[in-house]
Structure formats: structure tokens, C-alpha cells
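Just below is one structure, and these are the notes that go with it.
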Amino acid sequence: MELQKLYSDCIRLKFNCGVKPEPSCTDYMEYGLYEDNSAELFMVSHPDETFTSWMSRLRPKDPYYGSRPDWKPTLSEPFEQLDVYDEMIMYYLLFTINTTLSINTYNTYSAMNEFMKGYSFFQLSQLSEIPQFSEEQKHLLRDFFFFFYLYAHPVNEDTLYACSFSEQHLVHTKTDISLEDYFSAYHDHYTLLRNEYWEQIVITAEEIQACKRLTLELLYTIEGRSPKLNMPSEEGLEPILMLINNVSQMLQLYTEEPEALFQIMRDFLIQAEGHSSTYANHCFKTLLQNYASYILFFRFDEVQLLVDAFRHTPAWCEIIVSKLFNDSIFLEKIMRLQQVNLDAYPDVTMFFNEEARKMIL
């Protein structure tokens with residue numbers, strides 16, 4: 001199963017960009033659209049079941065409701081250290097990962113969450129191939145993006161802080177169970193005992209294993225153990241996509257000639273004055289958040305260089321500065337980490353639009 005193909009078609013369907021793809025189809029799954037333009041990966045042989053829904057009827061009983069739990073986790077035998085509270089968290093993590101390729105329609109507030117989860121997933125796939133960063137810096141960024149991947153889904157607080165990276169493997173911190181081992185055992189359990197769960201499981205044993213392979217591909221991407229993903233090409237967006245798909249090249253360009261990066265931003269704004277597609281806007285948003293995540297994350301003072309480059313075109317400066325702060329809450333977190341006080345940056349805040357002022361000031 002090739003994740004890059006599924007990811008590219010997910011982006012094309014989501015933003016209706018380029019030539020509309022034929023529904024992505026593997027041996028077992030294909031994209032299907034709902035009337036509201038949301039989309040899911042459906043099982044080819046069971047068109048009422050999706051990659052995310054087949055496991056919903058296997059959701060563990062919630063130990064936080066009712067009397068004190070007196071049952072054992074389903075996988076208590078291979079994972080003796082697991083309790084029913086841990087099992088619930090593992091289910092939430094599995095569901096969060098499996099919904100990465102879902103396409104949803106949201107209200108304005110949730111649109112930011114949708115962007116941040118998708119953005120964080122994409123960036124987690126990039127980190128292993130950025131030689132400019134030390135292993136310590138990559139670790140900081142990996143924790144940062146994984147936090148927002150979960151936070152934006154959203155998950156509850158127990159799930160948000162349940163995992164940590166051991167090198168490039170995610171583990172459930174309390175039990176030291178790797179997510180790879182747990183998710184593999186989970187799918188193998190229901191494959192082997194499928195007939196015992198015939199009332200809950202509609203899909204075949206082969207389809208359960210196909211779901212397992214895709215889940216693990218998604219997990220390996222989050223852990224940075226798979227080839228990095230690329231955003232699909234689109235005519236007219238080549239300069240921006242080149243930098244989005246190669247963060248190392250963006251950092252090299254900025255180090256050697258910051259003005260060259262700013263000129264790419266200007267060129268987009270000039271082009272957007274005539275017409276801008278939803279995909280083009282998404283790519284520009286991604287480039288700006290990359291500037292925040294990979295440059296301002298370590299040197300917030302660099303924002304002054306950005307403002308100086310655009311201050312002679314105030315309308316464009318307002319667009320760029322406001323989008324940096326409005327399109328996600330990444331910069332809010334970065335400023336807290338660096339203990340930045342925006343009062344010290346009046347040349348930046350003077351370009352906030354009304355929305356940014358309400359959110360930040």
C-alpha cells in the first residue's frame with residue numbers, strides 16, 4: 001500500500017486541485033465522497049465500512065463511567081502491564097491516527113484544528129531529512145508537532161500526554177509499550193478471532209490486515225521512519241511547493257539569501273490578486289507556518305527581518321504577519337517556550353489585523 005499515493009489523492013480531493021483524481025484504490029480500500037464533500041477510505045468489498053469505522057464497534061468499555069471496572073483489557077495477555085485506562089488511551093490513539101486520511105467539513109473554528117493536525121502530520125514526515133538541525137533540535141520539533149497532531153484532533157488530556165518518543169519509536173510512557181507492537185497485536189487479535197466477533201466485525205480477515213498495514217504506514221510516517229511525503233504538484237505553485245516539499249532547501253535559501261524567500265512570498269501575493277485557489281491558499285499558509293516552525297521556533301527575533309522586508313507594502317505585510325498568528329496557534333506556543341513578550345515588538349503588532357489583535361493582544 002503506497003501512502004504517498006493515498007496522501008496525494010487525499011489532498012487533491014480535499015482542495016479540489018488539479019485534475020480531479022480517480023478515487024484512490026488499493027486492493028482493499030478506495031476513497032468515497034459524501035454529499036457534503038467529506039470523504040473516507042471505504043472497504044472495496046464492504047462499501048458501508050470505512051478504514052475508521054470498522055473498529056468503532058470494538059471500542060473498549062469506558063472505565064470512567066459506571067461502577068469501578070472489574071474487567072481486563074482485551075490484550076491483557078500479551079501486555080500484562082496494560083490496564084483498562086491504558087486500553088482506552090490506546091484506542092483513542094489508534095482512532096486519531098486512522099482518521100489522518102479522512103476529509104471532513106468543519107465550521108470556522110474547527111478549520112484551524114483540521115489544518116494543524118494535517119500540517120503537523122506532514123511535518124513529522126519531513127524531520128528526518130533536514131540536515132541543518134541537530135538530533136536535539138529534531139527531537140524538540142518532533143515533540144512539538146506530535147503534541148499539536150494530537151491536540152488538534154482533538155484528544156483528551158490523558159491521551160495528549162500518554163506517549164513519548166524513544167528515539168524514533170512512539171511508546172506509551174506509563175507501560176513502555178510501543179505503539180507499533182500494540183497496534184500490530186490489536187489487528188492480529190481480531191484477525192485470528194474474527195469469528196468470535198462476527199456481530200461486530202463485518203470486514204474480512206484480509207481486510208483487517210490491510211487496515212493494519214495502512215495504520216502502521218501512518219505510524220511510521222509520524223515517527224519519521226518512512227520516506228517523507230510530498231504535496232502534489234500544481235501549475236503556478238512550483239516555487240512554493242519546492243520549498244514545502246524540501247524544508248532543507250527552504251532553510252538553505254533563507255540562510256544564504258533571506259530576500260529570495262521573501263520574494264517567493266511576494267510573487268504569490270501578486271499572483272493571488274487575480275485569482276487564488278483553495279489549494280494555493282493552503283500552500284501559502286503552509287509556507288508561512290514553516291517559517292514559524294523552522295525559523296522562528298529557534299530565533300523569534302527573525303520575525304523583524306520579515307517585517308522589514310514587507311513594511312513598504314503595508315497591505316502585504318498585514319496579510320503575512322496576521323496569517324502567521326491567525327492560521328494556527330503554533331506561534332503562541334513558540335512564544336511561550338521562548339518567553340517572548342510581544343510588547344517588545346511594536347513593529348510586528350502594528351501589522352496585526354483585527355482578528356490577530358483579538359486572538360493575541
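Here, A, B, ... name the chains of the C-alpha cells in the order displayed, residue numbers run from 1 inside each chain, and ligands are numbered from 1 in the same displayed order.
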
If we count only C-alpha atoms, what is near region 189-206 of chain A at a cut-off of 9 Å, once residues fewer than 5 positions away on the same chain are taken out, given as a PyMOL selection string? chain A and resi 28+43+45-46+49+54-58+74-75+184+211

From a DSSP calculation on the backbone, collect every residue of region 179-354 of chain A in helix (DSSP H, G or I) and output the set as a ChimeraX atom specification. /A:179-192,194-197,205-223,238-244,247-256,258-272,278-296,300-310,314-326,330-338,342-344,346-349,354

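Rounded to one decimal, CA of Gln168 (chain A) and CA of Glu223 (chain A) lie 5.3 Å from each other.
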
Hey, what's within 8 Å of Ser293 (chain A) if we count only C-alpha atoms and toss same-chain stuff fewer than 3 positions away? As a compact mmCIF listing (two decimals) with C-alpha atoms, in the first residue's frame, please?
```
# COMPACT_ATOMS: atom_id res chain seq x y z
CA GLN A 289 3.80 28.21 9.10
CA ASN A 290 7.06 26.56 8.01
CA LEU A 296 11.03 31.49 14.45
CA PHE A 297 10.88 28.35 16.62
CA PHE A 330 1.89 27.42 16.75
CA LEU A 331 3.39 30.86 17.29
```

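Distances here use only C-alpha atoms; by that measure, the residue among A:Phe147, A:Ala210, A:Tyr294, A:His169 closest to Phe42 (chain A) is A:Ala210.
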